[in-house]
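Text of coords-v3.pdb (PDB, C-alpha atoms and all ligand atoms) as supplied:
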```pdb
ATOM      1  CA  MET A   1       2.468  -0.498 -13.466
ATOM      2  CA  ASN A   2       2.468  -1.846  -9.938
ATOM      3  CA  ILE A   3       0.595  -0.171  -7.126
ATOM      4  CA  PHE A   4       3.640   1.805  -5.957
ATOM      5  CA  GLN A   5       4.206   3.187  -9.445
ATOM      6  CA  ARG A   6       0.515   3.961  -9.921
ATOM      7  CA  ASN A   7       0.236   5.798  -6.597
ATOM      8  CA  ALA A   8       3.525   7.598  -7.205
ATOM      9  CA  ALA A   9       2.312   8.748 -10.629
ATOM     10  CA  ALA A  10      -0.952  10.021  -9.120
ATOM     11  CA  ASN A  11       0.867  11.857  -6.302
ATOM     12  CA  LEU A  12       3.358  13.415  -8.679
ATOM     13  CA  ALA A  13       0.585  14.466 -11.053
ATOM     14  CA  GLU A  14      -1.153  16.211  -8.146
ATOM     15  CA  LYS A  15       2.008  17.990  -7.004
ATOM     16  CA  ARG A  16       2.813  19.078 -10.546
ATOM     17  CA  GLN A  17      -0.720  20.378 -11.000
ATOM     18  CA  GLN A  18      -0.503  22.305  -7.708
ATOM     19  CA  LYS A  19       2.694  23.907  -8.916
ATOM     20  CA  ARG A  20       1.131  24.903 -12.231
ATOM     21  CA  ASP A  21      -1.966  26.232 -10.453
ATOM     22  CA  SER A  22       0.107  28.373  -8.133
ATOM     23  CA  ALA A  23       2.166  29.670 -11.074
ATOM     24  CA  GLN A  24      -1.054  30.443 -12.910
ATOM     25  CA  LYS A  25      -2.422  32.279  -9.879
ATOM     26  CA  LYS A  26       0.653  34.525  -9.798
ATOM     27  CA  PHE A  27       0.343  35.179 -13.492
ATOM     28  CA  ASP A  28      -3.343  36.074 -13.035
ATOM     29  CA  ILE A  29      -2.406  38.629 -10.385
ATOM     30  CA  LEU A  30       0.113  40.158 -12.790
ATOM     31  CA  THR A  31      -2.253  40.368 -15.746
ATOM     32  CA  LYS A  32      -4.899  42.068 -13.589
ATOM     33  CA  ASP A  33      -2.371  44.775 -12.823
ATOM     34  CA  ALA A  34      -2.851  47.645 -15.290
ATOM     35  CA  ALA A  35       0.758  48.885 -15.127
ATOM     36  CA  TYR A  36       2.133  45.389 -15.735
ATOM     37  CA  SER A  37      -0.265  44.739 -18.618
ATOM     38  CA  SER A  38       0.448  48.000 -20.365
ATOM     39  CA  THR A  39       4.224  47.566 -19.993
ATOM     40  CA  ARG A  40       3.963  44.033 -21.298
ATOM     41  CA  ALA A  41       1.976  45.249 -24.307
ATOM     42  CA  GLU A  42       4.570  47.945 -24.823
ATOM     43  CA  LEU A  43       7.307  45.309 -24.819
ATOM     44  CA  PHE A  44       5.417  43.202 -27.363
ATOM     45  CA  ASP A  45       5.022  46.148 -29.689
ATOM     46  CA  ALA A  46       8.684  47.085 -29.325
ATOM     47  CA  VAL A  47       9.790  43.575 -30.203
ATOM     48  CA  LEU A  48       7.395  43.409 -33.167
ATOM     49  CA  ALA A  49       8.580  46.765 -34.415
ATOM     50  CA  ALA A  50      12.204  45.584 -34.039
ATOM     51  CA  ARG A  51      13.155  48.619 -32.052
ATOM     52  CA  ALA A  52      16.676  49.217 -30.819
ATOM     53  CA  PRO A  53      17.908  46.645 -28.296
ATOM     54  CA  SER A  54      18.567  49.382 -25.758
ATOM     55  CA  ASP A  55      14.886  50.450 -25.975
ATOM     56  CA  ILE A  56      13.716  46.895 -25.494
ATOM     57  CA  GLU A  57      16.103  46.515 -22.586
ATOM     58  CA  LYS A  58      14.619  49.617 -20.964
ATOM     59  CA  ILE A  59      11.046  48.335 -21.239
ATOM     60  CA  ASN A  60      12.159  44.951 -19.943
ATOM     61  CA  LYS A  61      13.668  46.602 -16.916
ATOM     62  CA  LYS A  62      10.466  48.521 -16.279
ATOM     63  CA  LEU A  63       8.533  45.255 -16.480
ATOM     64  CA  SER A  64      10.872  43.563 -13.983
ATOM     65  CA  GLN A  65      10.498  46.475 -11.608
ATOM     66  CA  ARG A  66       6.719  46.180 -11.778
ATOM     67  CA  VAL A  67       6.951  42.420 -11.119
ATOM     68  CA  ALA A  68       9.142  43.087  -8.072
ATOM     69  CA  LYS A  69       6.738  45.781  -6.871
ATOM     70  CA  LEU A  70       3.925  43.224  -6.954
ATOM     71  CA  GLY A  71       6.012  40.956  -4.741
ATOM     72  CA  PHE A  72       7.282  38.428  -7.293
ATOM     73  CA  SER A  73      10.594  37.620  -8.908
ATOM     74  CA  ASN A  74      11.150  36.789 -12.558
ATOM     75  CA  GLU A  75      12.664  33.451 -11.531
ATOM     76  CA  GLU A  76       9.646  32.317  -9.561
ATOM     77  CA  LEU A  77       7.348  33.285 -12.411
ATOM     78  CA  GLN A  78       9.290  30.989 -14.682
ATOM     79  CA  GLU A  79       9.023  28.126 -12.198
ATOM     80  CA  ARG A  80       6.119  26.151 -13.495
ATOM     81  CA  ASN A  81       7.563  22.744 -12.685
ATOM     82  CA  TYR A  82       7.391  20.778  -9.457
ATOM     83  CA  CYS A  83      10.832  19.280 -10.122
ATOM     84  CA  LYS A  84      13.447  21.654 -11.435
ATOM     85  CA  LYS A  85      15.878  18.824 -12.150
ATOM     86  CA  CYS A  86      13.786  16.944 -14.697
ATOM     87  CA  GLN A  87      11.296  19.723 -15.581
ATOM     88  CA  ASP A  88       8.588  17.247 -14.532
ATOM     89  CA  SER A  89       9.501  14.765 -17.241
ATOM     90  CA  GLY A  90      10.550  12.248 -14.586
ATOM     91  CA  THR A  91      13.619  11.401 -16.629
ATOM     92  CA  LEU A  92      17.196  12.597 -16.574
ATOM     93  CA  PHE A  93      19.862  11.883 -19.143
ATOM     94  CA  SER A  94      23.250  10.766 -18.021
ATOM     95  CA  ASP A  95      25.847   9.837 -20.642
ATOM     96  CA  GLY A  96      23.065   9.606 -23.195
ATOM     97  CA  LYS A  97      21.142   7.148 -21.067
ATOM     98  CA  ALA A  98      17.705   7.855 -19.638
ATOM     99  CA  VAL A  99      17.550   7.446 -15.880
ATOM    100  CA  GLN A 100      14.699   7.893 -13.425
ATOM    101  CA  CYS A 101      14.754  11.276 -11.711
ATOM    102  CA  GLY A 102      15.013  11.444  -7.921
ATOM    103  CA  CYS A 103      11.517  12.956  -7.720
ATOM    104  CA  VAL A 104      10.063   9.722  -9.134
ATOM    105  CA  LYS A 105      12.184   7.535  -6.852
ATOM    106  CA  THR A 106      11.045   9.494  -3.815
ATOM    107  CA  ALA A 107       7.406   9.287  -4.892
ATOM    108  CA  ILE A 108       7.682   5.500  -5.341
ATOM    109  CA  ALA A 109       9.293   5.088  -1.903
ATOM    110  CA  GLU A 110       6.532   7.200  -0.362
ATOM    111  CA  ALA A 111       3.878   5.082  -2.078
ATOM    112  CA  ALA A 112       5.510   1.939  -0.639
ATOM    113  CA  TYR A 113       5.455   3.405   2.903
ATOM    114  CA  GLY A 114       1.806   4.281   2.346
ATOM    115  CA  ALA A 115       0.977   0.729   1.279
ATOM    116  CA  SER A 116       2.911  -0.744   4.203
ATOM    117  CA  MET A 117       0.883  -1.805   7.191
ATOM    118  CA  THR A 118       2.521  -2.410  10.519
ATOM    119  CA  PRO A 119      -0.016  -4.756  12.126
ATOM    120  CA  ASP A 120      -2.170  -3.686  15.012
ATOM    121  CA  THR A 121      -0.936  -6.185  17.543
ATOM    122  CA  ALA A 122      -0.868  -5.512  21.270
ATOM    123  CA  GLU A 123       2.834  -4.786  21.217
ATOM    124  CA  ASN A 124       2.316  -2.417  18.356
ATOM    125  CA  SER A 125      -0.598  -0.430  19.720
ATOM    126  CA  PHE A 126       1.911   2.241  20.694
ATOM    127  CA  ARG A 127       1.431   3.556  17.173
ATOM    128  CA  GLY A 128       2.852   7.023  16.851
ATOM    129  CA  PHE A 129       5.627   6.489  19.304
ATOM    130  CA  ILE A 130       7.218   3.303  18.127
ATOM    131  CA  THR A 131      10.583   4.873  18.606
ATOM    132  CA  GLU A 132      14.105   3.854  19.307
ATOM    133  CA  GLN A 133      13.486   4.870  22.880
ATOM    134  CA  LEU A 134      10.757   2.285  23.296
ATOM    135  CA  ILE A 135      13.235  -0.523  22.695
ATOM    136  CA  SER A 136      16.382   1.083  24.043
ATOM    137  CA  GLU A 137      15.953  -0.458  27.480
ATOM    138  CA  ARG A 138      15.307  -3.933  26.087
ATOM    139  CA  PRO A 139      18.750  -5.265  25.191
ATOM    140  CA  GLU A 140      17.526  -8.057  22.887
ATOM    141  CA  LEU A 141      15.348  -5.768  20.793
ATOM    142  CA  ASP A 142      17.883  -2.991  20.857
ATOM    143  CA  LEU A 143      20.606  -5.331  19.602
ATOM    144  CA  THR A 144      18.354  -6.648  16.818
ATOM    145  CA  TYR A 145      17.495  -3.127  15.789
ATOM    146  CA  ARG A 146      21.138  -2.055  15.819
ATOM    147  CA  MET A 147      22.167  -4.993  13.659
ATOM    148  CA  LEU A 148      19.483  -4.177  11.109
ATOM    149  CA  SER A 149      20.349  -0.477  11.169
ATOM    150  CA  SER A 150      24.010  -1.202  10.540
ATOM    151  CA  PHE A 151      23.093  -2.960   7.271
ATOM    152  CA  VAL A 152      21.213   0.094   6.091
ATOM    153  CA  GLU A 153      24.124   2.350   6.877
ATOM    154  CA  MET A 154      26.099   0.184   4.485
ATOM    155  CA  LEU A 155      23.566   0.324   1.653
ATOM    156  CA  ASP A 156      25.496   1.561  -1.336
ATOM    157  CA  GLY A 157      22.501   2.923  -3.163
ATOM    158  CA  LYS A 158      21.894  -0.241  -5.126
ATOM    159  CA  GLY A 159      20.238  -1.952  -2.208
ATOM    160  CA  ARG A 160      23.310  -4.050  -1.494
ATOM    161  CA  THR A 161      24.089  -4.923   2.068
ATOM    162  CA  PRO A 162      26.588  -7.390   3.546
ATOM    163  CA  LEU A 163      23.584  -9.583   4.329
ATOM    164  CA  ASN A 164      20.635 -10.198   2.046
ATOM    165  CA  TYR A 165      18.411 -12.048   4.501
ATOM    166  CA  PHE A 166      17.849 -11.505   8.175
ATOM    167  CA  THR A 167      15.433 -13.583  10.240
ATOM    168  CA  VAL A 168      14.113 -12.515  13.623
ATOM    169  CA  MET A 169      12.886 -15.629  15.418
ATOM    170  CA  GLY A 170      11.105 -16.073  18.712
ATOM    171  CA  ALA A 171       7.780 -16.930  20.279
ATOM    172  CA  THR A 172       4.749 -14.652  20.210
ATOM    173  CA  GLY A 173       5.195 -11.653  22.476
ATOM    174  CA  THR A 174       8.966 -11.509  22.326
ATOM    175  CA  GLY A 175       8.830  -8.215  20.428
ATOM    176  CA  LYS A 176       9.791  -9.313  16.903
ATOM    177  CA  THR A 177       7.234  -7.083  15.225
ATOM    178  CA  LEU A 178       8.156  -4.182  17.449
ATOM    179  CA  ALA A 179      11.856  -4.469  16.569
ATOM    180  CA  VAL A 180      11.204  -4.557  12.822
ATOM    181  CA  SER A 181       8.607  -1.770  13.085
ATOM    182  CA  VAL A 182      11.175   0.525  14.675
ATOM    183  CA  PHE A 183      13.570  -0.509  11.923
ATOM    184  CA  PHE A 184      10.942   0.251   9.268
ATOM    185  CA  ASN A 185      10.449   3.724  10.761
ATOM    186  CA  LYS A 186      14.175   4.316  10.446
ATOM    187  CA  LEU A 187      14.106   3.252   6.785
ATOM    188  CA  LYS A 188      11.218   5.630   6.198
ATOM    189  CA  ALA A 189      13.029   8.482   7.917
ATOM    190  CA  GLU A 190      16.070   7.873   5.722
ATOM    191  CA  GLY A 191      14.077   7.624   2.520
ATOM    192  CA  VAL A 192      15.012   4.011   1.764
ATOM    193  CA  PHE A 193      12.560   2.338  -0.635
ATOM    194  CA  SER A 194      11.047  -0.194   1.781
ATOM    195  CA  TYR A 195       7.901  -2.237   2.058
ATOM    196  CA  PHE A 196       6.465  -3.815   5.196
ATOM    197  CA  ILE A 197       3.943  -6.592   4.627
ATOM    198  CA  SER A 198       2.496  -9.252   6.903
ATOM    199  CA  ALA A 199       2.787 -12.841   5.721
ATOM    200  CA  ALA A 200      -1.023 -13.037   5.926
ATOM    201  CA  THR A 201      -1.416 -10.179   3.437
ATOM    202  CA  LEU A 202       1.328 -11.655   1.314
ATOM    203  CA  ALA A 203      -0.586 -14.952   1.118
ATOM    204  CA  GLN A 204      -3.744 -13.100   0.080
ATOM    205  CA  THR A 205      -1.746 -11.313  -2.592
ATOM    206  CA  PHE A 206      -0.486 -14.649  -3.880
ATOM    207  CA  SER A 207      -3.955 -16.120  -4.107
ATOM    208  CA  ARG A 208      -5.077 -12.978  -5.927
ATOM    209  CA  SER A 209      -2.240 -13.339  -8.417
ATOM    210  CA  VAL A 210      -3.114 -16.974  -9.063
ATOM    211  CA  SER A 211      -6.842 -16.377  -9.406
ATOM    212  CA  THR A 212      -6.415 -13.586 -11.953
ATOM    213  CA  TYR A 213      -4.316 -15.582 -14.421
ATOM    214  CA  ASN A 214      -3.347 -12.177 -15.714
ATOM    215  CA  ALA A 215       0.339 -12.198 -16.573
ATOM    216  CA  ALA A 216       0.695  -8.421 -16.334
ATOM    217  CA  GLU A 217      -0.984  -8.311 -12.936
ATOM    218  CA  ILE A 218       1.132 -11.194 -11.648
ATOM    219  CA  ALA A 219       4.255  -9.385 -12.839
ATOM    220  CA  ASP A 220       3.086  -6.219 -11.040
ATOM    221  CA  ILE A 221       2.541  -8.089  -7.791
ATOM    222  CA  MET A 222       5.964  -9.686  -8.061
ATOM    223  CA  SER A 223       7.565  -6.308  -8.700
ATOM    224  CA  GLU A 224       5.888  -4.888  -5.571
ATOM    225  CA  LEU A 225       7.698  -7.561  -3.606
ATOM    226  CA  THR A 226      10.995  -7.602  -5.442
ATOM    227  CA  SER A 227      11.628  -3.930  -6.302
ATOM    228  CA  PRO A 228      11.962  -2.438  -2.772
ATOM    229  CA  GLU A 229      15.486  -2.157  -1.432
ATOM    230  CA  VAL A 230      14.235  -3.559   1.837
ATOM    231  CA  LEU A 231      11.291  -5.953   2.211
ATOM    232  CA  ILE A 232       9.992  -6.807   5.680
ATOM    233  CA  VAL A 233       7.777  -9.896   5.911
ATOM    234  CA  ASP A 234       6.160 -10.037   9.326
ATOM    235  CA  ASP A 235       5.045 -13.235  11.025
ATOM    236  CA  LEU A 236       5.977 -15.742   8.375
ATOM    237  CA  GLY A 237       4.200 -19.000   9.098
ATOM    238  CA  ALA A 238       0.986 -17.374  10.339
ATOM    239  CA  GLU A 239      -0.484 -17.102   6.841
ATOM    240  CA  THR A 240      -2.952 -19.477   5.215
ATOM    241  CA  PHE A 241      -0.738 -21.927   3.415
ATOM    242  CA  PHE A 242      -1.409 -23.329  -0.027
ATOM    243  CA  ASP A 243       1.137 -25.913  -0.968
ATOM    244  CA  ASN A 244       1.057 -25.169  -4.677
ATOM    245  CA  VAL A 245       1.086 -21.366  -4.304
ATOM    246  CA  THR A 246       2.721 -20.197  -1.091
ATOM    247  CA  ARG A 247       5.861 -22.305  -1.318
ATOM    248  CA  PRO A 248       6.787 -21.631  -4.973
ATOM    249  CA  LYS A 249       5.939 -17.921  -4.686
ATOM    250  CA  MET A 250       7.921 -17.543  -1.490
ATOM    251  CA  GLN A 251      10.889 -19.251  -3.139
ATOM    252  CA  GLU A 252      10.516 -17.027  -6.186
ATOM    253  CA  ILE A 253      10.602 -13.847  -4.083
ATOM    254  CA  ILE A 254      13.564 -14.974  -2.006
ATOM    255  CA  GLU A 255      15.438 -15.940  -5.162
ATOM    256  CA  ALA A 256      14.645 -12.619  -6.860
ATOM    257  CA  ARG A 257      15.771 -10.635  -3.820
ATOM    258  CA  LYS A 258      19.226 -12.127  -3.513
ATOM    259  CA  GLU A 259      20.874  -8.746  -4.147
ATOM    260  CA  LYS A 260      18.660  -6.834  -1.708
ATOM    261  CA  LEU A 261      17.723  -7.022   1.958
ATOM    262  CA  THR A 262      14.781  -9.120   3.134
ATOM    263  CA  VAL A 263      13.862  -9.165   6.814
ATOM    264  CA  ILE A 264      11.577 -11.902   8.127
ATOM    265  CA  THR A 265       9.999 -12.386  11.528
ATOM    266  CA  THR A 266       8.694 -15.822  12.448
ATOM    267  CA  ASN A 267       7.532 -18.046  15.299
ATOM    268  CA  LEU A 268       8.755 -21.074  13.395
ATOM    269  CA  SER A 269      12.033 -22.896  13.902
ATOM    270  CA  PRO A 270      14.433 -23.378  10.968
ATOM    271  CA  LYS A 271      13.243 -27.002  10.753
ATOM    272  CA  GLN A 272       9.593 -25.942  10.594
ATOM    273  CA  LEU A 273      10.449 -23.296   7.997
ATOM    274  CA  GLU A 274      12.138 -25.941   5.884
ATOM    275  CA  THR A 275       9.115 -28.245   6.048
ATOM    276  CA  ARG A 276       6.838 -25.390   5.046
ATOM    277  CA  TYR A 277       8.851 -23.481   2.418
ATOM    278  CA  GLY A 278      11.326 -26.082   1.226
ATOM    279  CA  GLU A 279      15.052 -26.643   1.226
ATOM    280  CA  ARG A 280      15.790 -24.015  -1.442
ATOM    281  CA  PHE A 281      14.153 -21.328   0.641
ATOM    282  CA  ILE A 282      16.096 -22.334   3.742
ATOM    283  CA  SER A 283      19.449 -22.536   2.019
ATOM    284  CA  ARG A 284      19.020 -18.943   0.789
ATOM    285  CA  VAL A 285      17.658 -17.421   3.968
ATOM    286  CA  PHE A 286      20.142 -19.152   6.255
ATOM    287  CA  ASP A 287      23.100 -19.027   3.872
ATOM    288  CA  THR A 288      26.192 -18.780   6.056
ATOM    289  CA  LYS A 289      27.565 -15.813   4.093
ATOM    290  CA  LYS A 290      24.424 -13.936   3.130
ATOM    291  CA  GLY A 291      21.883 -14.795   5.801
ATOM    292  CA  GLY A 292      21.747 -13.764   9.428
ATOM    293  CA  LYS A 293      19.379 -14.603  12.261
ATOM    294  CA  VAL A 294      18.646 -13.668  15.794
ATOM    295  CA  ARG A 295      16.444 -15.465  18.307
ATOM    296  CA  LEU A 296      14.524 -13.405  20.830
ATOM    297  CA  SER A 297      13.855 -15.109  24.135
ATOM    298  CA  GLY A 298      11.576 -12.412  25.483
ATOM    299  CA  ALA A 299      13.527 -12.439  28.718
ATOM    300  CA  ASP A 300      13.981  -8.701  28.721
ATOM    301  CA  PHE A 301      10.723  -7.889  27.050
ATOM    302  CA  ARG A 302       7.940  -6.851  29.359
ATOM    303  CA  LEU A 303       5.532  -4.292  28.164
ATOM    304  CA  GLU A 304       4.035  -2.202  30.927
ATOM    305  CA  ARG A 305       0.867  -0.406  30.132
TER
HETATM  306 ZN    ZN A 401      12.415  15.132 -11.241
END
```
How does this structure look as structure tokens?
Ligand SMILES: [Zn+2]
Amino acid sequence: MNIFQRNAAANLAEKRQQKRDSAQKKFDILTKDAAYSSTRAELFDAVLAARAPSDIEKINKKLSQRVAKLGFSNEELQERNYCKKCQDSGTLFSDGKAVQCGCVKTAIAEAAYGASMTPDTAENSFRGFITEQLISERPELDLTYRMLSSFVEMLDGKGRTPLNYFTVMGATGTGKTLAVSVFFNKLKAEGVFSYFISAATLAQTFSRSVSTYNAAEIADIMSELTSPEVLIVDDLGAETFFDNVTRPKMQEIIEARKEKLTVITTNLSPKQLETRYGERFISRVFDTKKGGKVRLSGADFRLER
């Protein structure tokens, strides 16, 4: 299990437990009620004694009335599951095939937002109000954001967009991180399974995966980077570079994500990117049909504080 799946499982387990606890609490209130308890016992006896259905019906009605009097409904007392759709199994069956329930998908997406870290750069220290408004008066950033947003509006649920790679280029301070942070917030708001990672953290993750030599762990790390519908890699080129790790891993991720959307910000030029990550990387990311790019000049970007 990768970290998103592990955290999602833990969160779901907690929510399910809360639901059971609250159901139990209601049941405790009922059983402490003398009238409810005696009617319930009466019902038991009637069923055991196989009394006439009309008698049983009458006692049942009395029991329901007592439940209502105590402020509960029969339906809510039967609700012991957090997710009504899958009864907390996490699995639904469609045409005889097991599919992941929406509650699990949502929990995984939430875990990915939780693991995402928008870096604490100067332009990003507006944490909390990195909003569309912040970039709306900066035409370059606004345009970048709108382009990215339009891809998401076209997501067909399988993570397919007209473009699979989008690179935001420009020098430091041109607002690249800000533009993709606003975009990430939109993805979050819309519940799209997305992960935001800095290239520096990505490089650390790679070195971790190589030092462990643990196939399962390496597979988990790869799935953290390849499973999200949208992956944002911030400041590519700023990470510590290991020729024998960074380049092949970067190529592997880009290759594996060819059906999804990957957004990259970088200070590097296409030529510099090619030198660093290789021709295969470049031909994917800047593919004329599947790759898009925008270069920010910073001309309209002045941050007043
Ligand atoms: Zn469910």
Original post:
For the file shown, what are the residues hit by the PyMOL selection byres (((chain A and resi 1) around 12) and not hetatm), laid out as an MDAnalysis selection string?
Top reply: chainID A and resid 2:10 108 216:224
**OP:** Considering all atoms listed in the file, state which residue in the set A:Lys58, A:Lys85, A:Arg40, A:Arg276 is at the smallest distance from ligand ZN 401 (chain A).
**Re:** A:Lys85
Subject >> Hits from the PyMOL selection byres (((chain A and resi 59) around 9) and not hetatm), listed as a PyMOL selection string >> reply: chain A and resi 39-40+42-43+46+54-58+60-64
Original post:
Do you know which residues are within 10 Å of ligand ZN 401 (chain A) using all atoms listed in the file? Can you write them as a list in words?
Top reply: Leu12, Asn81, Tyr82, Cys83, Lys84, Lys85, Cys86, Gln87, Asp88, Ser89, Gly90, Thr91, Leu92, Gln100, Cys101, Gly102, Cys103, Val104, Lys105, Thr106 and Ala107 of chain A
**OP:** Evaluate the PyMOL selection byres (((chain A and resi 177) around 12) and not hetatm) on the structure here and hand back the selected residues as a PyMOL selection string.
**Re:** chain A and resi 117-125+130+135+141+144-145+167-176+178-184+196-199+232-236+263-267+296
Original post:
From the list A:Ala34, A:Ala52, A:Gly237, A:Asp28, which residue is nearest Gln272 in chain A when using all atoms listed in the file?
Top reply: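 Of all the options, A:Gly237 lies closest to Gln272 in chain A.
Counting from CA of Glu239 in chain A, the distance to CA of Phe286 in chain A is 20.7 Å.
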**OP:** For CA of Asp45 in chain A and CA of Thr31 in chain A, quote the distance in Å rounded to one decimal.
**Re:** 16.8 Å
Subject >> Nearest-residue call for Arg247 in chain A, choices A:Ser38, A:Ser297, A:Ser207, A:Thr262, using all atoms listed in the file >> reply: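 Ranking A:Ser38, A:Ser297, A:Ser207, A:Thr262 by distance to Arg247 in chain A, first place goes to A:Ser207.
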Original post:
In Å, how far is it from CA of Leu268 in chain A to CA of Phe242 in chain A?
Top reply: 17.0 Å
Selection near Glu255 in chain A, 10 Å with only C-alpha atoms, sequence-local residues under 2 positions removed, as a PDB file with C-alpha atoms, in the frame of the given file:
```pdb
ATOM      1  CA  THR A 226      10.995  -7.602  -5.442  1.00  0.00           C
ATOM      2  CA  LYS A 249       5.939 -17.921  -4.686  1.00  0.00           C
ATOM      3  CA  MET A 250       7.921 -17.543  -1.490  1.00  0.00           C
ATOM      4  CA  GLN A 251      10.889 -19.251  -3.139  1.00  0.00           C
ATOM      5  CA  GLU A 252      10.516 -17.027  -6.186  1.00  0.00           C
ATOM      6  CA  ILE A 253      10.602 -13.847  -4.083  1.00  0.00           C
ATOM      7  CA  ARG A 257      15.771 -10.635  -3.820  1.00  0.00           C
ATOM      8  CA  LYS A 258      19.226 -12.127  -3.513  1.00  0.00           C
ATOM      9  CA  GLU A 259      20.874  -8.746  -4.147  1.00  0.00           C
ATOM     10  CA  ARG A 280      15.790 -24.015  -1.442  1.00  0.00           C
ATOM     11  CA  PHE A 281      14.153 -21.328   0.641  1.00  0.00           C
ATOM     12  CA  ARG A 284      19.020 -18.943   0.789  1.00  0.00           C
ATOM     13  CA  VAL A 285      17.658 -17.421   3.968  1.00  0.00           C
TER      14      VAL A 285
END
```
Subject >> Within 12 Å of Lys26 in chain A using all atoms listed in the file, minus same-chain residues under 6 positions, as a PyMOL selection string >> reply: chain A and resi 19-20+32-33+67+70-74+76-80
Using 8 Å of padding on each side, determine the axis-aligned box around all atoms of range 281-299 of chain A present in the file and give its centre and edge lengths in Å to one decimal, as lines of an AutoDock Vina configuration file.
```
center_x = 19.6
center_y = -17.5
center_z = 14.7
size_x = 32.0
size_y = 26.1
size_z = 44.1
```
Original post:
Which one of A:Ser194, A:Thr275, A:Ser269, A:Gln24 sits closest to Ala111 in chain A if you count only C-alpha atoms?
Top reply: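 The answer is A:Ser194, which sits nearest to Ala111 in chain A.
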Restricted to N, CA and C atoms, what does range 14-26 of chain A look like when written out as a tab-separated table (two decimals), in the first residue's frame?
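Final file, part.tsv:
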```
chain	number	residue	atom	x	y	z
A	14	GLU	N	-11.28	5.38	10.96
A	14	GLU	CA	-11.68	6.29	12.03
A	14	GLU	C	-13.13	6.74	11.84
A	15	LYS	N	-13.47	7.10	10.59
A	15	LYS	CA	-14.83	7.56	10.32
A	15	LYS	C	-15.85	6.44	10.54
A	16	ARG	N	-15.47	5.24	10.15
A	16	ARG	CA	-16.38	4.09	10.34
A	16	ARG	C	-16.57	3.83	11.83
A	17	GLN	N	-15.47	3.92	12.58
A	17	GLN	CA	-15.55	3.69	14.02
A	17	GLN	C	-16.43	4.75	14.68
A	18	GLN	N	-16.28	6.01	14.26
A	18	GLN	CA	-17.10	7.10	14.80
A	18	GLN	C	-18.58	6.81	14.58
A	19	LYS	N	-18.87	6.32	13.39
A	19	LYS	CA	-20.25	6.01	13.04
A	19	LYS	C	-20.79	4.89	13.93
A	20	ARG	N	-19.97	3.86	14.12
A	20	ARG	CA	-20.41	2.75	14.98
A	20	ARG	C	-20.58	3.21	16.42
A	21	ASP	N	-19.64	4.07	16.88
A	21	ASP	CA	-19.73	4.58	18.25
A	21	ASP	C	-21.01	5.38	18.46
A	22	SER	N	-21.33	6.21	17.44
A	22	SER	CA	-22.52	7.04	17.63
A	22	SER	C	-23.78	6.18	17.56
A	23	ALA	N	-23.76	5.13	16.74
A	23	ALA	CA	-24.89	4.20	16.69
A	23	ALA	C	-25.03	3.47	18.03
A	24	GLN	N	-23.87	3.09	18.57
A	24	GLN	CA	-23.87	2.39	19.86
A	24	GLN	C	-24.43	3.29	20.96
A	25	LYS	N	-24.04	4.56	20.92
A	25	LYS	CA	-24.49	5.51	21.92
A	25	LYS	C	-26.03	5.62	21.90
A	26	LYS	N	-26.59	5.68	20.72
A	26	LYS	CA	-28.05	5.75	20.58
A	26	LYS	C	-28.70	4.49	21.15
```
